[in-house]
Every structure is written in C-alpha cells, then in structure tokens.
$ cat protein.cif   # mmCIF, C-alpha atoms (C1' of nucleotides)
data_structure
loop_
_atom_site.label_atom_id
_atom_site.label_comp_id
_atom_site.auth_asym_id
_atom_site.auth_seq_id
_atom_site.Cartn_x
_atom_site.Cartn_y
_atom_site.Cartn_z
CA MET A 15 10.61 -105.20 -39.28
CA THR A 16 7.38 -104.05 -37.73
CA ARG A 17 4.21 -104.00 -39.82
CA ILE A 18 1.55 -101.55 -38.66
CA VAL A 19 -2.00 -101.37 -40.02
CA THR A 20 -5.10 -99.24 -39.72
CA TRP A 21 -8.47 -100.55 -40.88
CA ASN A 22 -11.99 -99.23 -40.43
CA VAL A 23 -13.89 -102.52 -40.44
CA ASN A 24 -17.45 -101.08 -40.28
CA SER A 25 -18.71 -103.64 -37.75
CA LEU A 26 -16.28 -106.15 -36.30
CA ARG A 27 -19.21 -108.51 -35.73
CA VAL A 28 -19.80 -108.76 -39.48
CA ARG A 29 -16.15 -108.48 -40.53
CA LEU A 30 -14.46 -110.76 -37.99
CA PRO A 31 -13.95 -113.67 -40.43
CA GLN A 32 -12.33 -111.31 -42.95
CA VAL A 33 -10.18 -109.73 -40.28
CA LEU A 34 -8.99 -113.12 -39.05
CA ASP A 35 -8.19 -114.22 -42.61
CA TRP A 36 -6.30 -111.00 -43.26
CA LEU A 37 -4.29 -111.28 -40.03
CA ALA A 38 -3.31 -114.85 -40.88
CA ALA A 39 -2.26 -113.86 -44.39
CA HIS A 40 -0.30 -110.72 -43.51
CA GLN A 41 0.91 -111.21 -39.93
CA PRO A 42 0.84 -107.54 -38.96
CA ASP A 43 2.46 -106.60 -35.67
CA ILE A 44 0.13 -103.79 -34.64
CA VAL A 45 -3.40 -103.24 -35.94
CA ALA A 46 -5.67 -100.29 -35.21
CA LEU A 47 -9.34 -100.97 -35.90
CA GLN A 48 -12.19 -98.47 -36.09
CA GLU A 49 -15.96 -98.73 -36.17
CA THR A 50 -16.04 -102.01 -34.30
CA LYS A 51 -19.63 -101.11 -33.29
CA LEU A 52 -19.45 -103.49 -30.33
CA PRO A 53 -19.83 -102.95 -26.60
CA ASP A 54 -16.82 -104.24 -24.69
CA GLU A 55 -18.70 -107.28 -23.39
CA SER A 56 -19.24 -108.42 -26.99
CA PHE A 57 -15.69 -107.84 -28.24
CA PRO A 58 -14.33 -111.04 -29.86
CA ALA A 59 -11.28 -111.21 -27.59
CA ALA A 60 -11.15 -115.01 -27.55
CA GLU A 61 -11.09 -115.32 -31.34
CA LEU A 62 -8.37 -112.69 -31.72
CA THR A 63 -6.32 -114.16 -28.89
CA ALA A 64 -6.59 -117.55 -30.56
CA ALA A 65 -5.28 -115.88 -33.73
CA GLY A 66 -2.18 -114.87 -31.80
CA TYR A 67 -2.98 -111.29 -30.80
CA SER A 68 -3.18 -109.38 -27.57
CA VAL A 69 -6.15 -107.03 -27.61
CA LEU A 70 -7.19 -103.70 -26.18
CA PHE A 71 -10.57 -102.21 -26.99
CA SER A 72 -12.93 -99.36 -26.25
CA GLY A 73 -16.37 -99.83 -27.70
CA GLN A 74 -20.03 -99.03 -27.43
CA ARG A 75 -23.27 -100.27 -28.88
CA THR A 76 -24.19 -99.41 -32.49
CA TYR A 77 -21.63 -96.74 -33.32
CA ASN A 78 -17.92 -95.96 -33.16
CA GLY A 79 -15.61 -98.29 -31.23
CA VAL A 80 -11.84 -98.68 -31.56
CA ALA A 81 -9.43 -101.52 -30.84
CA LEU A 82 -5.72 -102.27 -30.86
CA LEU A 83 -4.23 -105.66 -31.68
CA ALA A 84 -0.60 -106.49 -30.96
CA ARG A 85 0.91 -109.70 -32.28
CA GLY A 86 1.94 -112.08 -29.52
CA ALA A 87 0.47 -113.40 -26.31
CA ASP A 88 0.32 -111.11 -23.29
CA VAL A 89 1.73 -108.02 -24.97
CA SER A 90 1.65 -105.19 -22.45
CA PHE A 91 -0.38 -102.06 -23.32
CA GLY A 92 0.99 -99.20 -21.24
CA GLU A 93 -0.36 -95.74 -20.41
CA VAL A 94 -3.75 -96.49 -21.93
CA ALA A 95 -5.91 -93.51 -22.88
CA ARG A 96 -9.56 -93.69 -24.01
CA GLU A 97 -10.41 -89.99 -24.13
CA LEU A 98 -9.07 -86.71 -25.42
CA PRO A 99 -8.04 -84.84 -22.27
CA GLY A 100 -10.49 -82.04 -21.52
CA PHE A 101 -12.98 -83.38 -24.07
CA PRO A 102 -15.38 -85.71 -22.26
CA ASP A 103 -17.29 -87.74 -24.80
CA VAL A 104 -19.54 -90.78 -24.73
CA GLN A 105 -18.42 -91.63 -28.26
CA ARG A 106 -15.64 -94.23 -28.25
CA ARG A 107 -13.22 -92.82 -30.83
CA VAL A 108 -9.82 -92.80 -29.11
CA LEU A 109 -7.54 -95.57 -27.93
CA ALA A 110 -3.88 -94.93 -27.17
CA ALA A 111 -1.30 -97.25 -25.67
CA THR A 112 2.43 -97.74 -25.40
CA VAL A 113 3.54 -101.01 -27.01
CA GLY A 114 7.24 -101.73 -26.62
CA PRO A 115 9.11 -98.64 -27.84
CA LEU A 116 6.09 -97.28 -29.69
CA ARG A 117 3.30 -94.93 -28.74
CA VAL A 118 0.22 -95.91 -30.75
CA VAL A 119 -2.81 -93.61 -31.03
CA ASP A 120 -5.85 -95.14 -32.75
CA LEU A 121 -8.46 -92.60 -33.88
CA TYR A 122 -11.90 -92.66 -35.39
CA VAL A 123 -12.29 -88.98 -36.24
CA PRO A 124 -15.91 -87.78 -36.38
CA ASN A 125 -17.50 -87.88 -39.82
CA GLY A 126 -18.96 -84.37 -39.70
CA GLN A 127 -22.01 -85.22 -41.83
CA SER A 128 -22.24 -81.83 -43.58
CA VAL A 129 -20.44 -78.53 -43.19
CA ASP A 130 -23.48 -76.73 -41.79
CA SER A 131 -24.24 -79.35 -39.12
CA ASP A 132 -23.63 -79.60 -35.38
CA LYS A 133 -21.67 -82.76 -36.16
CA TYR A 134 -19.26 -80.72 -38.27
CA ARG A 135 -18.72 -78.26 -35.41
CA TYR A 136 -18.16 -81.24 -33.11
CA LYS A 137 -15.60 -82.62 -35.59
CA LEU A 138 -13.61 -79.36 -35.61
CA ALA A 139 -13.75 -79.03 -31.80
CA TRP A 140 -12.64 -82.67 -31.51
CA LEU A 141 -9.71 -82.05 -33.86
CA ALA A 142 -8.68 -78.97 -31.86
CA ALA A 143 -8.68 -81.00 -28.64
CA LEU A 144 -6.73 -83.74 -30.41
CA ARG A 145 -4.05 -81.26 -31.45
CA GLU A 146 -3.60 -80.03 -27.88
CA TRP A 147 -3.25 -83.59 -26.64
CA LEU A 148 -0.84 -84.72 -29.35
CA GLN A 149 1.36 -81.71 -28.68
CA GLU A 150 1.73 -82.93 -25.09
CA GLU A 151 2.20 -86.55 -26.15
CA LEU A 152 5.00 -85.56 -28.53
CA GLY A 153 7.11 -84.39 -25.62
CA ARG A 154 6.93 -87.83 -24.04
CA HIS A 155 6.94 -90.16 -27.05
CA PRO A 156 9.48 -89.64 -29.83
CA LEU A 157 8.39 -92.84 -31.57
CA MET A 158 4.68 -92.25 -32.03
CA VAL A 159 2.19 -93.30 -34.70
CA VAL A 160 -1.24 -91.68 -34.93
CA LEU A 161 -3.42 -93.73 -37.21
CA GLY A 162 -7.00 -94.34 -38.10
CA ASP A 163 -9.99 -93.10 -40.02
CA PHE A 164 -9.40 -89.35 -40.16
CA ASN A 165 -12.48 -88.64 -42.28
CA ILE A 166 -10.43 -85.96 -44.06
CA ALA A 167 -8.86 -86.28 -47.50
CA PRO A 168 -5.67 -84.24 -46.99
CA GLU A 169 -5.42 -82.80 -50.50
CA ASP A 170 -7.23 -82.85 -53.83
CA ARG A 171 -4.91 -85.61 -55.07
CA ASP A 172 -6.57 -87.81 -52.43
CA VAL A 173 -10.03 -87.32 -54.01
CA HIS A 174 -11.30 -89.04 -57.16
CA ASP A 175 -13.33 -86.01 -58.29
CA PRO A 176 -12.16 -82.88 -56.48
CA ALA A 177 -14.60 -80.65 -58.37
CA ALA A 178 -17.57 -82.74 -57.27
CA TRP A 179 -16.37 -82.81 -53.65
CA ALA A 180 -15.26 -79.17 -53.44
CA GLY A 181 -16.23 -77.52 -50.17
CA SER A 182 -18.02 -80.54 -48.74
CA VAL A 183 -17.35 -82.46 -45.60
CA HIS A 184 -14.07 -84.50 -45.72
CA VAL A 185 -12.37 -81.94 -47.97
CA SER A 186 -13.46 -78.53 -46.62
CA ASP A 187 -10.79 -75.94 -45.84
CA PRO A 188 -11.33 -75.93 -42.05
CA GLU A 189 -10.98 -79.72 -41.89
CA ARG A 190 -7.86 -79.70 -44.02
CA ALA A 191 -6.43 -76.85 -41.95
CA ALA A 192 -7.04 -78.88 -38.79
CA LEU A 193 -5.21 -81.84 -40.33
CA ARG A 194 -2.32 -79.63 -41.44
CA ALA A 195 -2.12 -78.27 -37.90
CA LEU A 196 -1.63 -81.83 -36.67
CA LEU A 197 1.05 -82.51 -39.28
CA GLU A 198 2.81 -79.25 -38.40
CA LEU A 199 3.30 -80.52 -34.85
CA GLY A 200 5.92 -82.75 -36.44
CA PHE A 201 4.12 -85.66 -38.07
CA SER A 202 4.53 -87.16 -41.50
CA ASP A 203 1.76 -88.83 -43.55
CA VAL A 204 3.78 -91.99 -44.16
CA PHE A 205 1.89 -93.09 -47.28
CA ARG A 206 3.01 -89.91 -49.03
CA ARG A 207 6.66 -90.68 -48.35
CA PHE A 208 6.44 -93.32 -51.08
CA GLU A 209 3.67 -92.28 -53.44
CA SER A 210 2.98 -88.74 -54.65
CA GLY A 211 0.42 -89.40 -57.35
CA THR A 212 -3.35 -89.34 -57.57
CA GLY A 213 -5.61 -92.36 -57.53
CA PHE A 214 -4.78 -93.89 -54.14
CA TYR A 215 -7.87 -94.30 -52.03
CA SER A 216 -8.78 -96.06 -48.80
CA TRP A 217 -12.57 -95.67 -48.89
CA TRP A 218 -15.16 -96.20 -51.61
CA ASP A 219 -18.90 -95.64 -51.22
CA TYR A 220 -21.06 -98.75 -51.19
CA ARG A 221 -23.37 -97.11 -53.71
CA GLN A 222 -23.24 -96.61 -57.47
CA GLY A 223 -20.44 -99.08 -58.08
CA ALA A 224 -17.96 -96.67 -56.55
CA PHE A 225 -15.29 -99.30 -55.91
CA ARG A 226 -15.59 -100.82 -59.38
CA ARG A 227 -15.24 -97.34 -60.86
CA ASP A 228 -12.51 -96.45 -58.34
CA HIS A 229 -14.39 -93.43 -57.08
CA GLY A 230 -12.80 -93.09 -53.67
CA LEU A 231 -11.14 -90.95 -51.06
CA ARG A 232 -7.92 -91.41 -49.12
CA ILE A 233 -9.12 -90.70 -45.60
CA ASP A 234 -7.45 -93.49 -43.60
CA LEU A 235 -4.05 -92.21 -42.58
CA MET A 236 -0.96 -93.11 -40.61
CA LEU A 237 0.97 -90.19 -39.18
CA ALA A 238 4.42 -90.79 -37.73
CA THR A 239 6.79 -88.60 -35.75
CA ALA A 240 9.98 -87.65 -37.56
CA ALA A 241 12.03 -90.23 -35.67
CA LEU A 242 9.57 -92.96 -36.57
CA ALA A 243 8.97 -91.80 -40.14
CA ALA A 244 12.71 -92.02 -40.72
CA ARG A 245 12.40 -95.74 -40.05
CA CYS A 246 9.45 -96.26 -42.41
CA ARG A 247 10.44 -98.48 -45.34
CA ALA A 248 7.15 -98.94 -47.21
CA SER A 249 3.46 -98.14 -47.15
CA HIS A 250 0.54 -99.29 -49.25
CA ILE A 251 -3.23 -99.60 -49.28
CA ASP A 252 -4.47 -103.18 -49.59
CA ARG A 253 -7.49 -103.05 -51.88
CA GLU A 254 -7.98 -106.81 -51.84
CA PRO A 255 -10.37 -107.02 -48.85
CA ARG A 256 -12.57 -104.34 -50.45
CA ARG A 257 -13.37 -106.80 -53.27
CA ALA A 258 -14.89 -109.37 -50.92
CA GLU A 259 -18.56 -110.15 -50.42
CA ARG A 260 -19.79 -108.06 -47.50
CA ALA A 261 -16.64 -105.95 -47.54
CA SER A 262 -15.99 -102.99 -45.33
CA ASP A 263 -16.19 -99.77 -47.32
CA HIS A 264 -12.62 -99.03 -46.10
CA ALA A 265 -9.39 -100.81 -47.04
CA PRO A 266 -6.50 -101.55 -44.67
CA VAL A 267 -3.56 -99.14 -44.84
CA VAL A 268 -0.22 -100.81 -44.15
CA ALA A 269 3.25 -99.52 -43.33
CA GLU A 270 6.50 -101.23 -42.46
CA PHE A 271 9.12 -99.87 -40.10
CA ASP A 272 12.63 -100.83 -39.13
CA ILE A 273 12.02 -101.13 -35.42
"C1'" DA B 11 -31.50 -86.69 -59.01
"C1'" DT B 12 -30.88 -86.00 -51.15
"C1'" DG B 13 -31.19 -91.19 -54.83
"C1'" DG B 14 -27.82 -94.96 -54.69
"C1'" DC B 15 -25.74 -99.18 -50.32
"C1'" DT B 16 -24.67 -101.26 -45.76
"C1'" DG B 17 -25.09 -102.01 -40.74
"C1'" DC B 18 -27.62 -101.17 -36.89
"C1'" DT B 19 -31.82 -101.08 -34.12
"C1'" DT B 20 -36.01 -103.53 -27.91
"C1'" DT B 21 -37.74 -106.18 -36.30
"C1'" DG B 22 -38.68 -102.63 -39.13
"C1'" DA B 23 -38.56 -97.96 -40.84
"C1'" DG B 24 -35.21 -94.62 -39.76
"C1'" DC B 25 -30.60 -93.12 -38.56
"C1'" DA B 26 -25.74 -92.77 -39.71
"C1'" DG B 27 -21.97 -93.35 -42.39
"C1'" DA B 28 -18.73 -90.83 -46.09
#

$ encode --input "protein.cif" --output "structure tokens"
Amino acid sequence: MTRIVTWNVNSLRVRLPQVLDWLAAHQPDIVALQETKLPDESFPAAELTAAGYSVLFSGQRTYNGVALLARGADVSFGEVARELPGFPDVQRRVLAATVGPLRVVDLYVPNGQSVDSDKYRYKLAWLAALREWLQEELGRHPLMVVLGDFNIAPEDRDVHDPAAWAGSVHVSDPERAALRALLELGFSDVFRRFESGTGFYSWWDYRQGAFRRDHGLRIDLMLATAALAARCRASHIDREPRRAERASDHAPVVAEFDI
DNA sequence: ATGGCTGCTTTGAGCAGA
C-alpha cells in the first residue's frame, strides 16, 4: 500500500514542527507540499531527512514554493521538471518527478485574486499550458498523479455557500472549464471516487471563524490516471491539523493505492 | 460591511492569499 498526500502548508518555516509530527503519525510514502515560501538554501532538508524522507524542492523567497517528500533514504527522483514547458515563470509552482513506478506532479496553481485581474488571466494561461504539458506526459507515464493546491473548487458541492461564491475566483466558469479540460485528458479526482456528498473541504479562511463554522472549499485535489485510479483504495481529508494552534489554512488530502 | 486573519517583508505598514 502506498499512501500519497498533498498539503499546502502556508510557510514550511512556521509549519515544520506540525509537518514532522504529521509524518511521524501517518507515515505517508509520498508527500507533495505547496507554499513552502522558502528559498532552496533555507529548505529544512536535514530535518526531513532525519525524519526518514528523501526530499526534492523548488522554492523562492516569500511566495510559492513546492516540495516532494518520498519515504526512505536516498529515494531517486527521476526526470525532474520545475517548469511548465513553454511557460517560463519566476514563480515556483511546479515540481514533477518519477518515483519508482509513479509519475508525481506537484502543483501550486495560481490563486487568481479576482476574475477581472491580471492574476486571473495568468491563472487561465497557466492552466492552458499545464494541459498541454500533461497531455504529453500522459503518453509517457500511465501511472501518474497530479496533486496540489488547484485553487479551483470543481463543483458547487465543493463549496460551503455556492450562492455567495457564485462567479468569483475559485469557482468561475472559465476556471472550472480549465479543470474539466484536465480531467478530460483522462484523470480522475480520486476523492470523488469514494465520497459524492457536500461538506468536504480542504481549505477554510483564517477569518470569521470559518473553520469552526465549517465554511470551506475543496480546492486541494489529487488527480490520477485511469490505471492509477483503478488502484486507489481510499481517500480522505485530514481535518485534524487544521485545529492546531498556528495551523495552515489548508488540510492534508490523503489517498491510498495498491502499488 | 473590501472588513475579518495569517505570513511575509532590508520591522512595519502593505501585499498576498483564498
């Protein structure tokens, strides 16, 4: 059994103790982190290695930053990619590697800020470039997982108050269409293989007691190719770390595979 | 109610997140 996780930690500097505790408690095999907010020279490689993980990271100061952890010493990360082909970008949002039989693509999709902003147009252009790249990757990697903070709630059932969110960034039609276009390449949203209802969120605003009131969005996703999805046995969102003092505003999303 | 909260930044008010 292989346990795979995605978690937007919103500063690995602040969250490292919680991440280490969570790794020790849950022993995941592959972890994709987003918003590490650390330049590579500050990445806590020694601490994570001491916790039993091999690490790969692509970071920058202040914003963004992604990392992959693979359980075991000296795990080999093959065919590493840190960019979307044809989409040069100073923002560190992409980290892909081959780990054993698996292709793992860790993404921190742009937020988009608001639907009338340049950042929104950047988000849609980024998603278009991502689709082109994943289409190529699919030809080479039948067992692929694309996971991370997508900053898109796929459907209204992934939104605590769809009427309040209607038309805004994270739920707008163009964003959802871009996500559907990714899925239509041949991916499955693994969480939805096990749970079809409303009320399952992976992010809650820090403000206005949103977590306590369970006002959230499901925006952290794990997409698997058909061959990999067929081996998925369970998926859940672990709300426990969100309860902690100084919690990330995102919860880890977990899935287990027969690999 | 463009507030609310958190993390970051050539340290402190402003940006960004979602």

$ residues_around --input "protein.cif" --residues "range 256-261 of chain A" --least-positions-apart "4" --cutoff "12 Å" --atoms "all atoms listed in the file" --output "JSON, numbers by chain"
{"A": [21, 22, 23, 24, 25, 26, 27, 28, 29, 30, 31, 32, 33, 35, 36, 215, 216, 217, 218, 219, 220, 223, 224, 225, 226, 228, 230, 251, 252, 265, 266, 267], "B": [15, 16, 17]}

$ atom_distance --input "protein.cif" --atom1 "CA of Arg227 in chain A" --atom2 "CA of Gly213 in chain A"
11.3 Å

$ resolve_selection --input "protein.cif" --expression "the PyMOL selection byres ((chain B and resi 26) around 9)" --output "ChimeraX atom specification"
/A:77,127 /B:25,27

$ write_last_selection --input "protein.cif" --atoms "C-alpha atoms (C1' of nucleotides)" --output "PDB file, in the coordinates of the input"
ATOM      1  CA  TYR A  77     -21.630 -96.740 -33.320  1.00  0.00           C
ATOM      2  CA  GLN A 127     -22.010 -85.220 -41.830  1.00  0.00           C
TER       3      GLN A 127
ATOM      4  C1'  DC B  25     -30.600 -93.120 -38.560  1.00  0.00           C
ATOM      5  C1'  DG B  27     -21.970 -93.350 -42.390  1.00  0.00           C
TER       6       DG B  27
END

$ resolve_selection --input "protein.cif" --expression "the PyMOL selection byres ((chain A) within 6 of (chain B))" --output "PyMOL selection string"
chain A and resi 76+220-222

$ residues_around --input "protein.cif" --residues "Arg247 in chain A" --least-positions-apart "4" --cutoff "9 Å" --atoms "only C-alpha atoms (C1' of nucleotides)" --output "list in words"
Phe208, Ala243, Ala269, Glu270, Phe271 and Asp272 of chain A

$ resolve_selection --input "protein.cif" --expression "the PyMOL selection byres ((chain A and resi 239) around 7)" --output "mmCIF file with C-alpha atoms, keeping the file's coordinate frame"
data_model
loop_
_atom_site.group_PDB
_atom_site.id
_atom_site.type_symbol
_atom_site.label_atom_id
_atom_site.label_comp_id
_atom_site.auth_asym_id
_atom_site.auth_seq_id
_atom_site.Cartn_x
_atom_site.Cartn_y
_atom_site.Cartn_z
ATOM 1 C CA PRO A 156 9.480 -89.640 -29.830
ATOM 2 C CA LEU A 157 8.390 -92.840 -31.570
ATOM 3 C CA MET A 158 4.680 -92.250 -32.030
ATOM 4 C CA VAL A 159 2.190 -93.300 -34.700
ATOM 5 C CA GLY A 200 5.920 -82.750 -36.440
ATOM 6 C CA PHE A 201 4.120 -85.660 -38.070
ATOM 7 C CA SER A 202 4.530 -87.160 -41.500
ATOM 8 C CA LEU A 237 0.970 -90.190 -39.180
ATOM 9 C CA ALA A 238 4.420 -90.790 -37.730
ATOM 10 C CA ALA A 240 9.980 -87.650 -37.560
ATOM 11 C CA ALA A 241 12.030 -90.230 -35.670
ATOM 12 C CA LEU A 242 9.570 -92.960 -36.570
ATOM 13 C CA ALA A 243 8.970 -91.800 -40.140
#

$ atom_distance --input "protein.cif" --atom1 "CA of Val94 in chain A" --atom2 "CA of Arg107 in chain A"
13.5 Å

$ residues_around --input "protein.cif" --residues "Asn125 in chain A" --least-positions-apart "2" --cutoff "9 Å" --atoms "only C-alpha atoms (C1' of nucleotides)" --output "number ranges by chain"
A: 122-123, 127-128, 133-134, 137, 164-166, 183-184; B: 27-28

$ write_last_selection --input "protein.cif" --atoms "C-alpha atoms (C1' of nucleotides)" --output "PDB file, in the frame of the given file"
ATOM      1  CA  TYR A 122     -11.900 -92.660 -35.390  1.00  0.00           C
ATOM      2  CA  VAL A 123     -12.290 -88.980 -36.240  1.00  0.00           C
ATOM      3  CA  GLN A 127     -22.010 -85.220 -41.830  1.00  0.00           C
ATOM      4  CA  SER A 128     -22.240 -81.830 -43.580  1.00  0.00           C
ATOM      5  CA  LYS A 133     -21.670 -82.760 -36.160  1.00  0.00           C
ATOM      6  CA  TYR A 134     -19.260 -80.720 -38.270  1.00  0.00           C
ATOM      7  CA  LYS A 137     -15.600 -82.620 -35.590  1.00  0.00           C
ATOM      8  CA  PHE A 164      -9.400 -89.350 -40.160  1.00  0.00           C
ATOM      9  CA  ASN A 165     -12.480 -88.640 -42.280  1.00  0.00           C
ATOM     10  CA  ILE A 166     -10.430 -85.960 -44.060  1.00  0.00           C
ATOM     11  CA  VAL A 183     -17.350 -82.460 -45.600  1.00  0.00           C
ATOM     12  CA  HIS A 184     -14.070 -84.500 -45.720  1.00  0.00           C
TER      13      HIS A 184
ATOM     14  C1'  DG B  27     -21.970 -93.350 -42.390  1.00  0.00           C
ATOM     15  C1'  DA B  28     -18.730 -90.830 -46.090  1.00  0.00           C
TER      16       DA B  28
END

$ atom_distance --input "protein.cif" --atom1 "CA of His40 in chain A" --atom2 "CA of Val268 in chain A"
9.9 Å

$ closest_residue --input "protein.cif" --among "A:Leu161, A:His229, A:Phe205, A:Val108" --to "Ala178 in chain A" --atoms "all atoms listed in the file"
A:His229

$ axis_aligned_box --input "protein.cif" --around "range 11-27 of chain B" --padding-each-side "3 Å" --output "lines of an AutoDock Vina configuration file"
center_x = -30.3
center_y = -96.1
center_z = -43.5
size_x = 22.7
size_y = 26.2
size_z = 37.1

$ closest_residue --input "protein.cif" --among "A:Phe57, A:His250, A:Arg75, A:His155" --to "Glu209 in chain A" --atoms "all atoms listed in the file"
A:His250

$ residues_near_point --input "protein.cif" --point "(-7.2, -78.1, -41.1)" --cutoff "12 Å" --atoms "all atoms listed in the file" --output "VMD selection string"
chain A and resid 137 to 142 145 164 to 169 183 to 198

$ residues_near_point --input "protein.cif" --point "(-4.4, -84.6, -30.1)" --cutoff "10 Å" --atoms "all atoms listed in the file" --output "ChimeraX atom specification"
/A:98-99,108,119,121,140-152,160,196,199

$ build_atoms --input "protein.cif" --residues "range 180-201 of chain A" --atoms "N, CA, C and O atoms" --output "PDB file, in the coordinates of the input"
ATOM      1  N   ALA A 180     -15.755 -80.464 -53.922  1.00  0.00           N
ATOM      2  CA  ALA A 180     -15.260 -79.170 -53.440  1.00  0.00           C
ATOM      3  C   ALA A 180     -16.156 -78.580 -52.347  1.00  0.00           C
ATOM      4  O   ALA A 180     -17.374 -78.473 -52.508  1.00  0.00           O
ATOM      5  N   GLY A 181     -15.545 -78.210 -51.250  1.00  0.00           N
ATOM      6  CA  GLY A 181     -16.230 -77.520 -50.170  1.00  0.00           C
ATOM      7  C   GLY A 181     -17.023 -78.418 -49.238  1.00  0.00           C
ATOM      8  O   GLY A 181     -17.506 -77.953 -48.209  1.00  0.00           O
ATOM      9  N   SER A 182     -17.172 -79.685 -49.570  1.00  0.00           N
ATOM     10  CA  SER A 182     -18.020 -80.540 -48.740  1.00  0.00           C
ATOM     11  C   SER A 182     -17.216 -81.197 -47.633  1.00  0.00           C
ATOM     12  O   SER A 182     -15.983 -81.113 -47.587  1.00  0.00           O
ATOM     13  N   VAL A 183     -17.974 -81.795 -46.726  1.00  0.00           N
ATOM     14  CA  VAL A 183     -17.350 -82.460 -45.600  1.00  0.00           C
ATOM     15  C   VAL A 183     -16.351 -83.520 -46.100  1.00  0.00           C
ATOM     16  O   VAL A 183     -16.573 -84.109 -47.153  1.00  0.00           O
ATOM     17  N   HIS A 184     -15.247 -83.658 -45.402  1.00  0.00           N
ATOM     18  CA  HIS A 184     -14.070 -84.500 -45.720  1.00  0.00           C
ATOM     19  C   HIS A 184     -12.999 -83.764 -46.519  1.00  0.00           C
ATOM     20  O   HIS A 184     -11.854 -84.193 -46.537  1.00  0.00           O
ATOM     21  N   VAL A 185     -13.373 -82.686 -47.187  1.00  0.00           N
ATOM     22  CA  VAL A 185     -12.370 -81.940 -47.970  1.00  0.00           C
ATOM     23  C   VAL A 185     -12.395 -80.434 -47.675  1.00  0.00           C
ATOM     24  O   VAL A 185     -11.585 -79.688 -48.231  1.00  0.00           O
ATOM     25  N   SER A 186     -13.289 -79.978 -46.828  1.00  0.00           N
ATOM     26  CA  SER A 186     -13.460 -78.530 -46.620  1.00  0.00           C
ATOM     27  C   SER A 186     -12.181 -77.911 -46.054  1.00  0.00           C
ATOM     28  O   SER A 186     -11.380 -78.587 -45.398  1.00  0.00           O
ATOM     29  N   ASP A 187     -12.006 -76.625 -46.296  1.00  0.00           N
ATOM     30  CA  ASP A 187     -10.790 -75.940 -45.840  1.00  0.00           C
ATOM     31  C   ASP A 187     -10.577 -76.045 -44.332  1.00  0.00           C
ATOM     32  O   ASP A 187      -9.452 -76.328 -43.901  1.00  0.00           O
ATOM     33  N   PRO A 188     -11.597 -75.827 -43.497  1.00  0.00           N
ATOM     34  CA  PRO A 188     -11.330 -75.930 -42.050  1.00  0.00           C
ATOM     35  C   PRO A 188     -10.862 -77.325 -41.625  1.00  0.00           C
ATOM     36  O   PRO A 188      -9.997 -77.452 -40.758  1.00  0.00           O
ATOM     37  N   GLU A 189     -11.428 -78.365 -42.227  1.00  0.00           N
ATOM     38  CA  GLU A 189     -10.980 -79.720 -41.890  1.00  0.00           C
ATOM     39  C   GLU A 189      -9.533 -79.936 -42.327  1.00  0.00           C
ATOM     40  O   GLU A 189      -8.715 -80.489 -41.588  1.00  0.00           O
ATOM     41  N   ARG A 190      -9.226 -79.522 -43.525  1.00  0.00           N
ATOM     42  CA  ARG A 190      -7.860 -79.700 -44.020  1.00  0.00           C
ATOM     43  C   ARG A 190      -6.875 -78.867 -43.207  1.00  0.00           C
ATOM     44  O   ARG A 190      -5.758 -79.309 -42.935  1.00  0.00           O
ATOM     45  N   ALA A 191      -7.303 -77.673 -42.792  1.00  0.00           N
ATOM     46  CA  ALA A 191      -6.430 -76.850 -41.950  1.00  0.00           C
ATOM     47  C   ALA A 191      -6.181 -77.534 -40.615  1.00  0.00           C
ATOM     48  O   ALA A 191      -5.056 -77.494 -40.082  1.00  0.00           O
ATOM     49  N   ALA A 192      -7.210 -78.168 -40.066  1.00  0.00           N
ATOM     50  CA  ALA A 192      -7.040 -78.880 -38.790  1.00  0.00           C
ATOM     51  C   ALA A 192      -6.068 -80.050 -38.953  1.00  0.00           C
ATOM     52  O   ALA A 192      -5.247 -80.311 -38.066  1.00  0.00           O
ATOM     53  N   LEU A 193      -6.156 -80.741 -40.079  1.00  0.00           N
ATOM     54  CA  LEU A 193      -5.210 -81.840 -40.330  1.00  0.00           C
ATOM     55  C   LEU A 193      -3.793 -81.310 -40.515  1.00  0.00           C
ATOM     56  O   LEU A 193      -2.833 -81.870 -39.964  1.00  0.00           O
ATOM     57  N   ARG A 194      -3.663 -80.217 -41.260  1.00  0.00           N
ATOM     58  CA  ARG A 194      -2.320 -79.630 -41.440  1.00  0.00           C
ATOM     59  C   ARG A 194      -1.738 -79.195 -40.097  1.00  0.00           C
ATOM     60  O   ARG A 194      -0.534 -79.337 -39.855  1.00  0.00           O
ATOM     61  N   ALA A 195      -2.602 -78.684 -39.225  1.00  0.00           N
ATOM     62  CA  ALA A 195      -2.120 -78.270 -37.900  1.00  0.00           C
ATOM     63  C   ALA A 195      -1.579 -79.458 -37.120  1.00  0.00           C
ATOM     64  O   ALA A 195      -0.615 -79.313 -36.356  1.00  0.00           O
ATOM     65  N   LEU A 196      -2.177 -80.617 -37.308  1.00  0.00           N
ATOM     66  CA  LEU A 196      -1.630 -81.830 -36.670  1.00  0.00           C
ATOM     67  C   LEU A 196      -0.270 -82.161 -37.276  1.00  0.00           C
ATOM     68  O   LEU A 196       0.703 -82.414 -36.559  1.00  0.00           O
ATOM     69  N   LEU A 197      -0.204 -82.166 -38.600  1.00  0.00           N
ATOM     70  CA  LEU A 197       1.050 -82.510 -39.280  1.00  0.00           C
ATOM     71  C   LEU A 197       2.168 -81.551 -38.876  1.00  0.00           C
ATOM     72  O   LEU A 197       3.317 -81.968 -38.681  1.00  0.00           O
ATOM     73  N   GLU A 198       1.804 -80.270 -38.722  1.00  0.00           N
ATOM     74  CA  GLU A 198       2.810 -79.250 -38.400  1.00  0.00           C
ATOM     75  C   GLU A 198       3.357 -79.397 -36.978  1.00  0.00           C
ATOM     76  O   GLU A 198       4.371 -78.781 -36.633  1.00  0.00           O
ATOM     77  N   LEU A 199       2.706 -80.205 -36.159  1.00  0.00           N
ATOM     78  CA  LEU A 199       3.300 -80.520 -34.850  1.00  0.00           C
ATOM     79  C   LEU A 199       4.592 -81.319 -35.020  1.00  0.00           C
ATOM     80  O   LEU A 199       5.409 -81.375 -34.096  1.00  0.00           O
ATOM     81  N   GLY A 200       4.718 -81.960 -36.181  1.00  0.00           N
ATOM     82  CA  GLY A 200       5.920 -82.750 -36.440  1.00  0.00           C
ATOM     83  C   GLY A 200       5.643 -84.155 -36.931  1.00  0.00           C
ATOM     84  O   GLY A 200       6.473 -85.053 -36.756  1.00  0.00           O
ATOM     85  N   PHE A 201       4.471 -84.348 -37.540  1.00  0.00           N
ATOM     86  CA  PHE A 201       4.120 -85.660 -38.070  1.00  0.00           C
ATOM     87  C   PHE A 201       4.261 -85.706 -39.589  1.00  0.00           C
ATOM     88  O   PHE A 201       4.155 -84.687 -40.264  1.00  0.00           O
TER      89      PHE A 201
END
